[in-house]
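A.B. asks: Input structure: run_8.csv, which contains CSV, C-alpha atoms.
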chain,number,residue,atom,x,y,z
S,27,MET,CA,-49.6,109.2,-85.6
S,28,ARG,CA,-51.2,106.4,-87.6
S,29,ILE,CA,-49.0,105.2,-90.4
S,30,ILE,CA,-50.2,102.6,-92.9
S,31,ILE,CA,-47.3,100.4,-94.1
S,32,ALA,CA,-47.7,98.2,-97.2
S,33,GLY,CA,-45.5,95.1,-97.2
S,34,GLY,CA,-45.9,95.0,-93.4
S,35,HIS,CA,-43.9,91.7,-93.0
S,36,GLY,CA,-40.9,92.8,-95.1
S,37,LYS,CA,-37.5,93.3,-93.5
S,38,ILE,CA,-37.7,97.1,-93.7
S,39,ALA,CA,-41.3,97.3,-92.6
S,40,LEU,CA,-40.8,95.2,-89.5
S,41,ARG,CA,-37.9,97.5,-88.4
S,42,LEU,CA,-40.2,100.5,-89.1
S,43,GLU,CA,-43.0,99.0,-87.1
S,44,GLU,CA,-40.6,98.4,-84.2
S,45,ARG,CA,-39.8,102.1,-84.2
S,46,LEU,CA,-43.4,103.3,-84.6
S,47,LYS,CA,-45.0,100.7,-82.3
S,48,SER,CA,-48.8,101.4,-81.9
S,49,GLY,CA,-48.6,104.2,-84.5
S,50,ALA,CA,-48.0,101.7,-87.3
S,51,VAL,CA,-50.5,99.5,-89.2
S,52,GLY,CA,-48.8,96.8,-91.2
S,53,LEU,CA,-50.7,95.4,-94.2
S,54,VAL,CA,-49.9,91.7,-94.9
S,55,ARG,CA,-51.1,89.2,-97.5
S,56,ASN,CA,-50.6,86.2,-95.3
S,57,PRO,CA,-52.6,85.8,-92.1
S,58,ALA,CA,-49.7,83.8,-90.6
S,59,HIS,CA,-47.6,87.0,-90.5
S,60,VAL,CA,-50.0,88.9,-88.3
S,61,ALA,CA,-48.4,87.7,-85.0
S,62,ASP,CA,-44.9,88.9,-86.2
S,63,ILE,CA,-46.2,92.4,-86.8
S,64,GLU,CA,-48.2,92.5,-83.5
S,65,ALA,CA,-45.0,91.4,-81.7
S,66,THR,CA,-43.4,94.8,-82.7
S,67,GLY,CA,-46.3,96.6,-81.0
S,68,ALA,CA,-47.9,97.5,-84.3
S,69,GLU,CA,-51.4,96.7,-85.6
S,70,ALA,CA,-51.7,94.2,-88.4
S,71,VAL,CA,-54.4,94.1,-91.1
S,72,VAL,CA,-54.7,91.3,-93.7
S,73,CYS,CA,-55.0,93.0,-97.1
S,74,ASP,CA,-53.6,91.5,-100.3
S,75,LEU,CA,-52.7,94.4,-102.5
S,76,GLU,CA,-52.6,92.2,-105.6
S,77,ARG,CA,-56.3,91.4,-105.1
S,78,ALA,CA,-57.8,94.2,-103.1
S,79,SER,CA,-59.9,97.0,-104.5
S,80,VAL,CA,-59.1,100.7,-104.2
S,81,GLU,CA,-62.2,101.1,-102.1
S,82,GLU,CA,-61.1,98.4,-99.6
S,83,VAL,CA,-57.6,99.9,-99.2
S,84,ALA,CA,-59.0,103.4,-98.9
S,85,ALA,CA,-61.2,102.3,-96.1
S,86,ILE,CA,-58.1,101.0,-94.2
S,87,ALA,CA,-56.2,104.2,-94.9
S,88,ALA,CA,-59.0,106.5,-93.8
S,89,GLY,CA,-57.9,108.7,-90.9
S,90,ALA,CA,-54.2,107.8,-91.3
S,91,ASP,CA,-51.5,110.5,-91.1
S,92,ALA,CA,-49.3,108.9,-93.8
S,93,VAL,CA,-48.8,105.9,-96.0
S,94,VAL,CA,-45.5,104.1,-96.6
S,95,PHE,CA,-45.1,101.7,-99.6
S,96,ALA,CA,-42.5,99.2,-98.5
S,97,ALA,CA,-43.8,96.2,-100.4
S,98,GLY,CA,-41.9,94.1,-102.9
S,99,ALA,CA,-42.3,90.9,-104.8
S,100,GLY,CA,-39.1,89.7,-103.2
S,101,PRO,CA,-36.3,87.3,-104.2
S,102,GLY,CA,-37.3,84.4,-106.4
S,103,SER,CA,-40.3,86.1,-107.9
S,104,GLY,CA,-40.6,86.5,-111.7
S,105,ALA,CA,-41.2,89.4,-113.9
S,106,ALA,CA,-45.0,89.2,-113.6
S,107,ARG,CA,-45.0,89.7,-109.9
S,108,LYS,CA,-42.4,92.6,-110.1
S,109,ASP,CA,-45.1,94.4,-112.1
S,110,SER,CA,-48.1,93.3,-109.9
S,111,VAL,CA,-46.4,94.2,-106.6
S,112,ASP,CA,-43.6,96.7,-107.2
S,113,ARG,CA,-45.7,98.7,-109.7
S,114,ALA,CA,-49.4,97.9,-109.5
S,115,ALA,CA,-49.6,97.6,-105.7
S,116,SER,CA,-47.9,101.0,-105.3
S,117,VAL,CA,-50.3,102.6,-107.8
S,118,LEU,CA,-53.3,101.0,-106.0
S,119,LEU,CA,-52.0,102.3,-102.6
S,120,ALA,CA,-51.5,105.8,-103.9
S,121,GLU,CA,-54.9,105.9,-105.5
S,122,ALA,CA,-56.4,104.7,-102.2
S,123,ALA,CA,-54.5,107.4,-100.2
S,124,GLU,CA,-55.9,110.1,-102.5
S,125,ARG,CA,-59.5,108.8,-102.0
S,126,ALA,CA,-59.0,108.6,-98.3
S,127,GLY,CA,-57.6,112.1,-98.1
S,128,VAL,CA,-54.2,110.9,-96.8
S,129,ARG,CA,-51.7,113.3,-98.3
S,130,ARG,CA,-48.3,112.1,-97.0
S,131,PHE,CA,-46.9,109.2,-99.0
S,132,VAL,CA,-43.4,107.7,-98.7
S,133,GLN,CA,-42.5,105.3,-101.4
S,134,VAL,CA,-39.5,102.9,-101.0
S,135,SER,CA,-38.1,102.5,-104.4
S,136,SER,CA,-34.6,101.4,-105.5
S,137,MET,CA,-31.3,102.9,-106.7
S,138,GLY,CA,-31.3,102.3,-110.4
S,139,ALA,CA,-34.9,103.3,-110.9
S,140,GLY,CA,-35.4,106.1,-113.4
S,141,ARG,CA,-32.7,104.9,-115.7
S,142,PRO,CA,-32.1,101.9,-118.0
S,143,PRO,CA,-31.2,98.8,-116.0
S,144,GLN,CA,-27.5,98.1,-115.7
S,145,GLY,CA,-26.6,94.4,-115.9
S,146,GLY,CA,-28.7,91.7,-114.5
S,147,ASP,CA,-31.3,89.6,-116.2
S,148,GLU,CA,-34.8,90.0,-117.5
S,149,VAL,CA,-36.3,89.8,-114.0
S,150,TRP,CA,-33.9,92.6,-112.8
S,151,ALA,CA,-35.0,94.7,-115.8
S,152,ALA,CA,-38.6,94.1,-115.0
S,153,TYR,CA,-38.0,95.1,-111.3
S,154,ILE,CA,-36.3,98.4,-112.4
S,155,LYS,CA,-39.1,99.0,-114.9
S,156,ALA,CA,-41.8,98.4,-112.2
S,157,LYS,CA,-40.1,100.7,-109.7
S,158,THR,CA,-39.6,103.4,-112.4
S,159,GLU,CA,-43.2,103.3,-113.4
S,160,ALA,CA,-44.4,103.4,-109.8
S,161,GLU,CA,-42.3,106.5,-109.2
S,162,GLU,CA,-43.7,108.1,-112.3
S,163,ASP,CA,-47.3,107.4,-111.2
S,164,LEU,CA,-46.7,108.9,-107.8
S,165,ARG,CA,-45.1,112.0,-109.1
S,166,ALA,CA,-48.2,112.7,-111.2
S,167,ARG,CA,-50.5,112.6,-108.1
S,168,ASP,CA,-51.6,115.4,-105.9
S,169,LEU,CA,-49.9,113.9,-102.8
S,170,ASP,CA,-47.2,115.0,-100.5
S,171,TRP,CA,-44.9,112.3,-101.7
S,172,THR,CA,-41.2,111.5,-101.0
S,173,ILE,CA,-39.5,108.8,-103.0
S,174,LEU,CA,-36.6,107.0,-101.2
S,175,ARG,CA,-34.1,104.9,-103.3
S,176,PRO,CA,-31.9,102.9,-101.0
S,177,GLY,CA,-28.8,101.2,-102.3
S,178,ARG,CA,-28.0,97.5,-101.7
S,179,LEU,CA,-29.8,96.4,-98.5
S,180,THR,CA,-28.0,94.6,-95.8
S,181,ASP,CA,-28.9,93.2,-92.4
S,182,GLU,CA,-25.9,94.8,-90.6
S,183,PRO,CA,-26.7,96.9,-87.5
S,184,GLY,CA,-27.6,100.4,-88.3
S,185,THR,CA,-25.1,103.2,-87.7
S,186,GLY,CA,-27.4,106.2,-88.0
S,187,LEU,CA,-24.9,107.7,-90.5
S,188,VAL,CA,-25.9,108.0,-94.1
S,189,ARG,CA,-25.4,109.7,-97.4
S,190,LEU,CA,-28.8,111.0,-98.6
S,191,ALA,CA,-29.2,113.2,-101.7
S,192,PRO,CA,-31.0,113.3,-105.1
S,193,GLU,CA,-28.0,111.3,-106.5
S,194,VAL,CA,-25.3,109.4,-104.6
S,195,PRO,CA,-22.7,106.9,-105.7
S,196,PRO,CA,-23.7,103.2,-105.6
S,197,GLY,CA,-23.3,101.5,-102.2
S,198,ALA,CA,-25.0,99.6,-99.5
S,199,VAL,CA,-27.1,100.6,-96.5
S,200,PRO,CA,-28.4,98.6,-93.5
S,201,ARG,CA,-32.2,98.1,-93.4
S,202,ASP,CA,-32.1,99.5,-89.9
S,203,ASP,CA,-30.9,102.8,-91.3
S,204,VAL,CA,-33.5,102.7,-94.1
S,205,ALA,CA,-36.3,102.4,-91.4
S,206,ALA,CA,-34.8,105.2,-89.4
S,207,VAL,CA,-34.7,107.4,-92.4
S,208,ILE,CA,-38.3,106.7,-93.2
S,209,VAL,CA,-39.4,107.7,-89.7
S,210,ALA,CA,-37.4,111.0,-90.1
S,211,LEU,CA,-38.9,111.6,-93.6
S,212,LEU,CA,-42.4,111.3,-92.2
S,213,GLU,CA,-41.7,114.2,-89.9
S,214,ALA,CA,-39.8,116.3,-92.4
S,215,PRO,CA,-42.1,118.5,-94.6
S,216,GLY,CA,-39.1,119.8,-96.4
S,217,THR,CA,-38.7,116.5,-98.2
S,218,VAL,CA,-42.1,116.6,-99.9
S,219,ARG,CA,-41.9,116.0,-103.6
S,220,ARG,CA,-38.3,115.0,-103.5
S,221,THR,CA,-36.6,111.8,-104.8
S,222,LEU,CA,-33.7,110.9,-102.6
S,223,GLU,CA,-31.0,108.2,-102.9
S,224,LEU,CA,-29.6,106.6,-99.8
S,225,VAL,CA,-26.5,104.7,-98.9
S,226,SER,CA,-24.3,104.5,-95.8
S,227,GLY,CA,-22.2,107.6,-95.1
S,228,ASP,CA,-20.9,109.8,-92.4
S,229,THR,CA,-23.8,112.2,-91.8
S,230,PRO,CA,-26.3,111.7,-89.0
S,231,ILE,CA,-29.8,111.0,-90.3
S,232,GLN,CA,-31.4,114.1,-88.9
S,233,THR,CA,-28.7,116.3,-90.3
S,234,ALA,CA,-28.9,114.6,-93.7
S,235,ILE,CA,-32.6,115.2,-93.9
S,236,GLY,CA,-32.3,118.8,-92.7
S,237,THR,CA,-34.3,118.5,-89.6
S,238,GLU,CA,-31.4,119.4,-87.3
Turn the structure described in the file into C-alpha cells.
C.D. replies:
Amino acid sequence: MRIIIAGGHGKIALRLEERLKSGAVGLVRNPAHVADIEATGAEAVVCDLERASVEEVAAIAAGADAVVFAAGAGPGSGAARKDSVDRAASVLLAEAAERAGVRRFVQVSSMGAGRPPQGGDEVWAAYIKAKTEAEEDLRARDLDWTILRPGRLTDEPGTGLVRLAPEVPPGAVPRDDVAAVIVALLEAPGTVRRTLELVSGDTPIQTAIGTE
C-alpha cells in the first residue's frame, strides 16, 4: 500500500509512519523534518499545504491507495491558522485526492466537532469550527471517507483497547492507539462514510472496528 499522510511530522503521523514503514509518504512543510520521517522507514515529501496548489498535491497523491489527513495547526497557533490548516488544508487534500482518483480518505478530526464549542476561548472555538467545516466538506465529496474524532490525546503507551462508536463519552486516548486505529480503518471497508469517536476503552481495536 501507498498511504499519503498530511501533517507527516505530527505525533500521530510519526506513529502511523512507524507502523506503515515504506508504505507511508509523510508530507511536511519544514525540510528539517524529513530525516525524522525517514527514520521511521517512511518516505518524506516537502509540501506546504497552506501554499501548495491542488495540482501539486494531486501529483503527489497519484497512484496512492489512500490519504490520511492528520495535520493540525498545533498548540500556540491562532485562529487564522486553525482555519488555514485544520480546515483549508483538509479541503485542499480532499480535492487533490478526488483529482488523483484516490478514493480512500481518513480524516483525523476531534471530539467536539459538529456541535457548538464547549468552554475554551476564541482559538478553541475557531479550532472546533475549522474541524466541523472540514468534516462537512469531506462528507459532501464522492470519496470513501471515514472521519475519526479522538478524545484528549496523550503520550501514554497504547493499550490496543478502545471505545469506538458514532458517539462516546468524553475521555482520553493515547496517540499510539489512534495510529493503530487509523491503520485498521484503512483496511476496513465497512467504516466507509462513517464518523467515529474514539477514546480508551476495553474493546480490542480489531473487534471495535468490526474486522474480527
A.B. asks: In terms of the shortest atom-to-atom distance over all atoms listed in the file, which of S:Thr172, S:Arg28, S:Pro192, S:Ile38 is closest to S:Ala206?
C.D. replies: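 Checking each candidate against S:Ala206, we get S:Ile38 as the closest.
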A.B. asks: Between S:Glu124, S:Glu81, S:Glu76, S:Glu162, which is the closest to S:Ser110 once you count only C-alpha atoms?
C.D. replies: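 Among the listed residues, S:Glu76 lies closest to S:Ser110.
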A.B. asks: Quick check, in Å to one decimal: how far apart do atom CA of S:Ile208 and atom CA of S:Ala105 lie?
C.D. replies: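 About the pair atom CA of S:Ile208 and atom CA of S:Ala105: they are 27.1 Å apart.
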A.B. asks: Which of these residues is nearest to S:Asp203, using all atoms listed in the file: S:Glu159, S:Val93, S:Gly138, S:Lys37?
C.D. replies: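 The answer is S:Lys37, which sits nearest to S:Asp203.
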A.B. asks: Do you have the atom CA of S:Ala97-atom CA of S:Ser116 distance handy?
C.D. replies: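 Atom CA of S:Ala97 sits 8.0 Å away from atom CA of S:Ser116.
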A.B. asks: Which residues are close to S:Gly177, i.e. within 7 Å by only C-alpha atoms, leaving aside same-chain residues fewer than 4 positions away? Reply as a PyMOL selection string.
C.D. replies: chain S and resi 136-137+196-199+224-225
A.B. asks: Can I get the selection written as a tab-separated table (two decimals), in the frame of the given file, with C-alpha atoms?
C.D. replies:
chain	number	residue	atom	x	y	z
S	136	SER	CA	-34.60	101.40	-105.50
S	137	MET	CA	-31.30	102.90	-106.70
S	196	PRO	CA	-23.70	103.20	-105.60
S	197	GLY	CA	-23.30	101.50	-102.20
S	198	ALA	CA	-25.00	99.60	-99.50
S	199	VAL	CA	-27.10	100.60	-96.50
S	224	LEU	CA	-29.60	106.60	-99.80
S	225	VAL	CA	-26.50	104.70	-98.90
A.B. asks: Kindly provide, as lines of an AutoDock Vina configuration file, the centre and edge lengths (Å, one decimal) of an axis-aligned box around all atoms of stretch 152-167 of chain S given in the file, with 6 Å on each side.
C.D. replies:
center_x = -43.4
center_y = 103.4
center_z = -111.4
size_x = 26.2
size_y = 30.6
size_z = 19.2
A.B. asks: Stretch 64-142 of chain S near stretch 53-59 of chain S within 9 Å: what's each residue's closest atom pair and its distance in Å to one decimal, counting only C-alpha atoms, ordered by chain then ascending residue number, as JSON lines?
C.D. replies:
{"residue": "S:Glu64", "atom": "CA", "partner": "S:His59", "partner_atom": "CA", "distance": 8.9}
{"residue": "S:Glu69", "atom": "CA", "partner": "S:Leu53", "partner_atom": "CA", "distance": 8.7}
{"residue": "S:Ala70", "atom": "CA", "partner": "S:Leu53", "partner_atom": "CA", "distance": 6.0}
{"residue": "S:Val71", "atom": "CA", "partner": "S:Leu53", "partner_atom": "CA", "distance": 5.0}
{"residue": "S:Val72", "atom": "CA", "partner": "S:Val54", "partner_atom": "CA", "distance": 5.0}
{"residue": "S:Cys73", "atom": "CA", "partner": "S:Arg55", "partner_atom": "CA", "distance": 5.5}
{"residue": "S:Asp74", "atom": "CA", "partner": "S:Arg55", "partner_atom": "CA", "distance": 4.4}
{"residue": "S:Leu75", "atom": "CA", "partner": "S:Arg55", "partner_atom": "CA", "distance": 7.4}
{"residue": "S:Glu76", "atom": "CA", "partner": "S:Arg55", "partner_atom": "CA", "distance": 8.8}
A.B. asks: Using all atoms listed in the file, which of the listed residues (S:Glu161, S:Asp228, S:Glu121, S:Asp168) sits closest to S:Ala139?
C.D. replies: S:Glu161
A.B. asks: Point out the residue among S:Ala39, S:Ser226, S:Thr221, S:Glu182 with the least atom-to-atom distance to S:Pro195, counting all atoms listed in the file.
C.D. replies: S:Ser226
A.B. asks: Any idea what's packed within 10 Å of S:Ala160, counting only C-alpha atoms, ignoring anything in its chain fewer than 4 positions away? Could you give it as a list in words?
C.D. replies: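 Counting only the stated atoms, we get Asp109, Val111, Asp112, Arg113, Ala114, Ala115, Ser116, Val117, Leu118, Ala120, Gln133, Ser135, Ala139, Ile154, Lys155, Ala156, Leu164, Arg165 and Ile173 of chain S.
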A.B. asks: Can you work out which one of S:Asp62, S:Val132, S:Leu119, S:Leu174 has the shortest atom-to-atom distance to S:Ser79, counting only C-alpha atoms?
C.D. replies: S:Leu119
A.B. asks: Using Å and a single decimal, report how far atom CA of S:Gly146 sits from atom CA of S:Gly184.
C.D. replies: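 Interatomic distance here is 27.6 Å.
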A.B. asks: With a distance cut-off of 10 Å and all atoms listed in the file, select the neighbouring residues of stretch 214-218 of chain S, excluding the residue or stretch itself and same-chain residues fewer than 3 positions from it, and output the selection as number ranges by chain.
C.D. replies: S: 130-132, 169-173, 208-211, 221-222, 232, 235-237
A.B. asks: How about saving the chosen residues, C-alpha atoms kept, as a PDB file, keeping the file's coordinate frame?
C.D. replies:
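The result, stored in result-v1.pdb:
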ATOM      1  CA  ARG S 130     -48.300 112.100 -97.000  1.00  0.00           C
ATOM      2  CA  PHE S 131     -46.900 109.200 -99.000  1.00  0.00           C
ATOM      3  CA  VAL S 132     -43.400 107.700 -98.700  1.00  0.00           C
ATOM      4  CA  LEU S 169     -49.900 113.900-102.800  1.00  0.00           C
ATOM      5  CA  ASP S 170     -47.200 115.000-100.500  1.00  0.00           C
ATOM      6  CA  TRP S 171     -44.900 112.300-101.700  1.00  0.00           C
ATOM      7  CA  THR S 172     -41.200 111.500-101.000  1.00  0.00           C
ATOM      8  CA  ILE S 173     -39.500 108.800-103.000  1.00  0.00           C
ATOM      9  CA  ILE S 208     -38.300 106.700 -93.200  1.00  0.00           C
ATOM     10  CA  VAL S 209     -39.400 107.700 -89.700  1.00  0.00           C
ATOM     11  CA  ALA S 210     -37.400 111.000 -90.100  1.00  0.00           C
ATOM     12  CA  LEU S 211     -38.900 111.600 -93.600  1.00  0.00           C
ATOM     13  CA  THR S 221     -36.600 111.800-104.800  1.00  0.00           C
ATOM     14  CA  LEU S 222     -33.700 110.900-102.600  1.00  0.00           C
ATOM     15  CA  GLN S 232     -31.400 114.100 -88.900  1.00  0.00           C
ATOM     16  CA  ILE S 235     -32.600 115.200 -93.900  1.00  0.00           C
ATOM     17  CA  GLY S 236     -32.300 118.800 -92.700  1.00  0.00           C
ATOM     18  CA  THR S 237     -34.300 118.500 -89.600  1.00  0.00           C
TER      19      THR S 237
END
A.B. asks: Could you name the residues that touch S:Lys47 at 12 Å or less, counting all atoms listed in the file, but leaving out those on the same chain fewer than 3 positions away, as a list in words?
C.D. replies: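 The residues that qualify are Met27, Arg28, Ile29, Ile30, Ala39, Leu40, Arg41, Leu42, Glu43, Glu44, Ala50, Val51, Gly52, Ile63, Glu64, Ala65, Thr66, Gly67, Ala68, Glu69, Ala70 and Val209 of chain S.
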A.B. asks: For stretch 98-100 of chain S, please output as a compact mmCIF listing (two decimals) with C-alpha atoms, in the frame of the given file all residues within 7 Å (counting all atoms listed in the file; exclusion window: fewer than 2 positions along the same chain).
C.D. replies:
# COMPACT_ATOMS: atom_id res chain seq x y z
CA GLY S 33 -45.50 95.10 -97.20
CA ALA S 96 -42.50 99.20 -98.50
CA GLY S 102 -37.30 84.40 -106.40
CA SER S 103 -40.30 86.10 -107.90
CA ARG S 107 -45.00 89.70 -109.90
CA LYS S 108 -42.40 92.60 -110.10
CA VAL S 111 -46.40 94.20 -106.60
CA ASP S 112 -43.60 96.70 -107.20
A.B. asks: Reconstruct all heavy atoms of stretch 62-73 of chain S; output as an mmCIF file, keeping the file's coordinate frame.
C.D. replies:
data_model
loop_
_atom_site.group_PDB
_atom_site.id
_atom_site.type_symbol
_atom_site.label_atom_id
_atom_site.label_comp_id
_atom_site.auth_asym_id
_atom_site.auth_seq_id
_atom_site.Cartn_x
_atom_site.Cartn_y
_atom_site.Cartn_z
ATOM 1 N N ASP S 62 -46.233 88.238 -86.107
ATOM 2 C CA ASP S 62 -44.900 88.900 -86.200
ATOM 3 C C ASP S 62 -45.032 90.388 -86.109
ATOM 4 O O ASP S 62 -44.219 91.066 -85.471
ATOM 5 C CB ASP S 62 -44.173 88.456 -87.438
ATOM 6 C CG ASP S 62 -43.743 86.996 -87.422
ATOM 7 O OD1 ASP S 62 -43.659 86.412 -86.317
ATOM 8 O OD2 ASP S 62 -43.493 86.438 -88.508
ATOM 9 N N ILE S 63 -46.040 90.922 -86.785
ATOM 10 C CA ILE S 63 -46.200 92.400 -86.800
ATOM 11 C C ILE S 63 -46.713 92.819 -85.379
ATOM 12 O O ILE S 63 -46.218 93.807 -84.828
ATOM 13 C CB ILE S 63 -47.238 92.794 -87.852
ATOM 14 C CG1 ILE S 63 -46.613 92.568 -89.225
ATOM 15 C CG2 ILE S 63 -47.646 94.258 -87.683
ATOM 16 C CD1 ILE S 63 -47.528 92.854 -90.383
ATOM 17 N N GLU S 64 -47.648 92.096 -84.824
ATOM 18 C CA GLU S 64 -48.200 92.500 -83.500
ATOM 19 C C GLU S 64 -47.067 92.391 -82.446
ATOM 20 O O GLU S 64 -47.099 93.144 -81.460
ATOM 21 C CB GLU S 64 -49.341 91.565 -83.147
ATOM 22 C CG GLU S 64 -50.577 91.854 -84.002
ATOM 23 C CD GLU S 64 -51.749 90.952 -83.677
ATOM 24 O OE1 GLU S 64 -51.515 89.887 -83.049
ATOM 25 O OE2 GLU S 64 -52.885 91.297 -84.060
ATOM 26 N N ALA S 65 -46.079 91.523 -82.645
ATOM 27 C CA ALA S 65 -45.000 91.400 -81.700
ATOM 28 C C ALA S 65 -44.117 92.678 -81.655
ATOM 29 O O ALA S 65 -43.422 92.931 -80.667
ATOM 30 C CB ALA S 65 -44.093 90.207 -82.032
ATOM 31 N N THR S 66 -44.183 93.498 -82.696
ATOM 32 C CA THR S 66 -43.400 94.800 -82.700
ATOM 33 C C THR S 66 -44.194 95.861 -81.969
ATOM 34 O O THR S 66 -43.644 96.944 -81.743
ATOM 35 C CB THR S 66 -43.200 95.250 -84.155
ATOM 36 O OG1 THR S 66 -44.441 95.668 -84.736
ATOM 37 C CG2 THR S 66 -42.567 94.171 -85.013
ATOM 38 N N GLY S 67 -45.453 95.600 -81.619
ATOM 39 C CA GLY S 67 -46.300 96.600 -81.000
ATOM 40 C C GLY S 67 -47.205 97.306 -81.966
ATOM 41 O O GLY S 67 -48.020 98.149 -81.582
ATOM 42 N N ALA S 68 -47.089 96.942 -83.262
ATOM 43 C CA ALA S 68 -47.900 97.500 -84.300
ATOM 44 C C ALA S 68 -49.212 96.755 -84.482
ATOM 45 O O ALA S 68 -49.353 95.627 -84.004
ATOM 46 C CB ALA S 68 -47.158 97.621 -85.613
ATOM 47 N N GLU S 69 -50.137 97.358 -85.201
ATOM 48 C CA GLU S 69 -51.400 96.700 -85.600
ATOM 49 C C GLU S 69 -51.161 96.003 -86.933
ATOM 50 O O GLU S 69 -50.400 96.497 -87.776
ATOM 51 C CB GLU S 69 -52.502 97.708 -85.703
ATOM 52 C CG GLU S 69 -53.839 97.133 -86.151
ATOM 53 C CD GLU S 69 -54.888 98.204 -86.389
ATOM 54 O OE1 GLU S 69 -54.666 99.366 -85.990
ATOM 55 O OE2 GLU S 69 -55.931 97.874 -86.995
ATOM 56 N N ALA S 70 -51.808 94.872 -87.146
ATOM 57 C CA ALA S 70 -51.700 94.200 -88.400
ATOM 58 C C ALA S 70 -53.092 94.076 -89.062
ATOM 59 O O ALA S 70 -54.089 93.838 -88.378
ATOM 60 C CB ALA S 70 -51.136 92.768 -88.232
ATOM 61 N N VAL S 71 -53.134 94.284 -90.380
ATOM 62 C CA VAL S 71 -54.400 94.100 -91.100
ATOM 63 C C VAL S 71 -54.091 93.256 -92.337
ATOM 64 O O VAL S 71 -53.128 93.499 -93.084
ATOM 65 C CB VAL S 71 -54.904 95.513 -91.623
ATOM 66 C CG1 VAL S 71 -56.100 95.328 -92.551
ATOM 67 C CG2 VAL S 71 -55.280 96.388 -90.440
ATOM 68 N N VAL S 72 -54.899 92.218 -92.515
ATOM 69 C CA VAL S 72 -54.700 91.300 -93.700
ATOM 70 C C VAL S 72 -55.353 91.999 -94.890
ATOM 71 O O VAL S 72 -56.553 92.279 -94.925
ATOM 72 C CB VAL S 72 -55.381 89.950 -93.418
ATOM 73 C CG1 VAL S 72 -55.257 89.075 -94.661
ATOM 74 C CG2 VAL S 72 -54.723 89.275 -92.217
ATOM 75 N N CYS S 73 -54.502 92.289 -95.881
ATOM 76 C CA CYS S 73 -55.000 93.000 -97.100
ATOM 77 C C CYS S 73 -53.982 92.610 -98.219
ATOM 78 O O CYS S 73 -52.813 93.001 -98.170
ATOM 79 C CB CYS S 73 -55.011 94.473 -96.891
ATOM 80 S SG CYS S 73 -55.470 95.399 -98.374
#
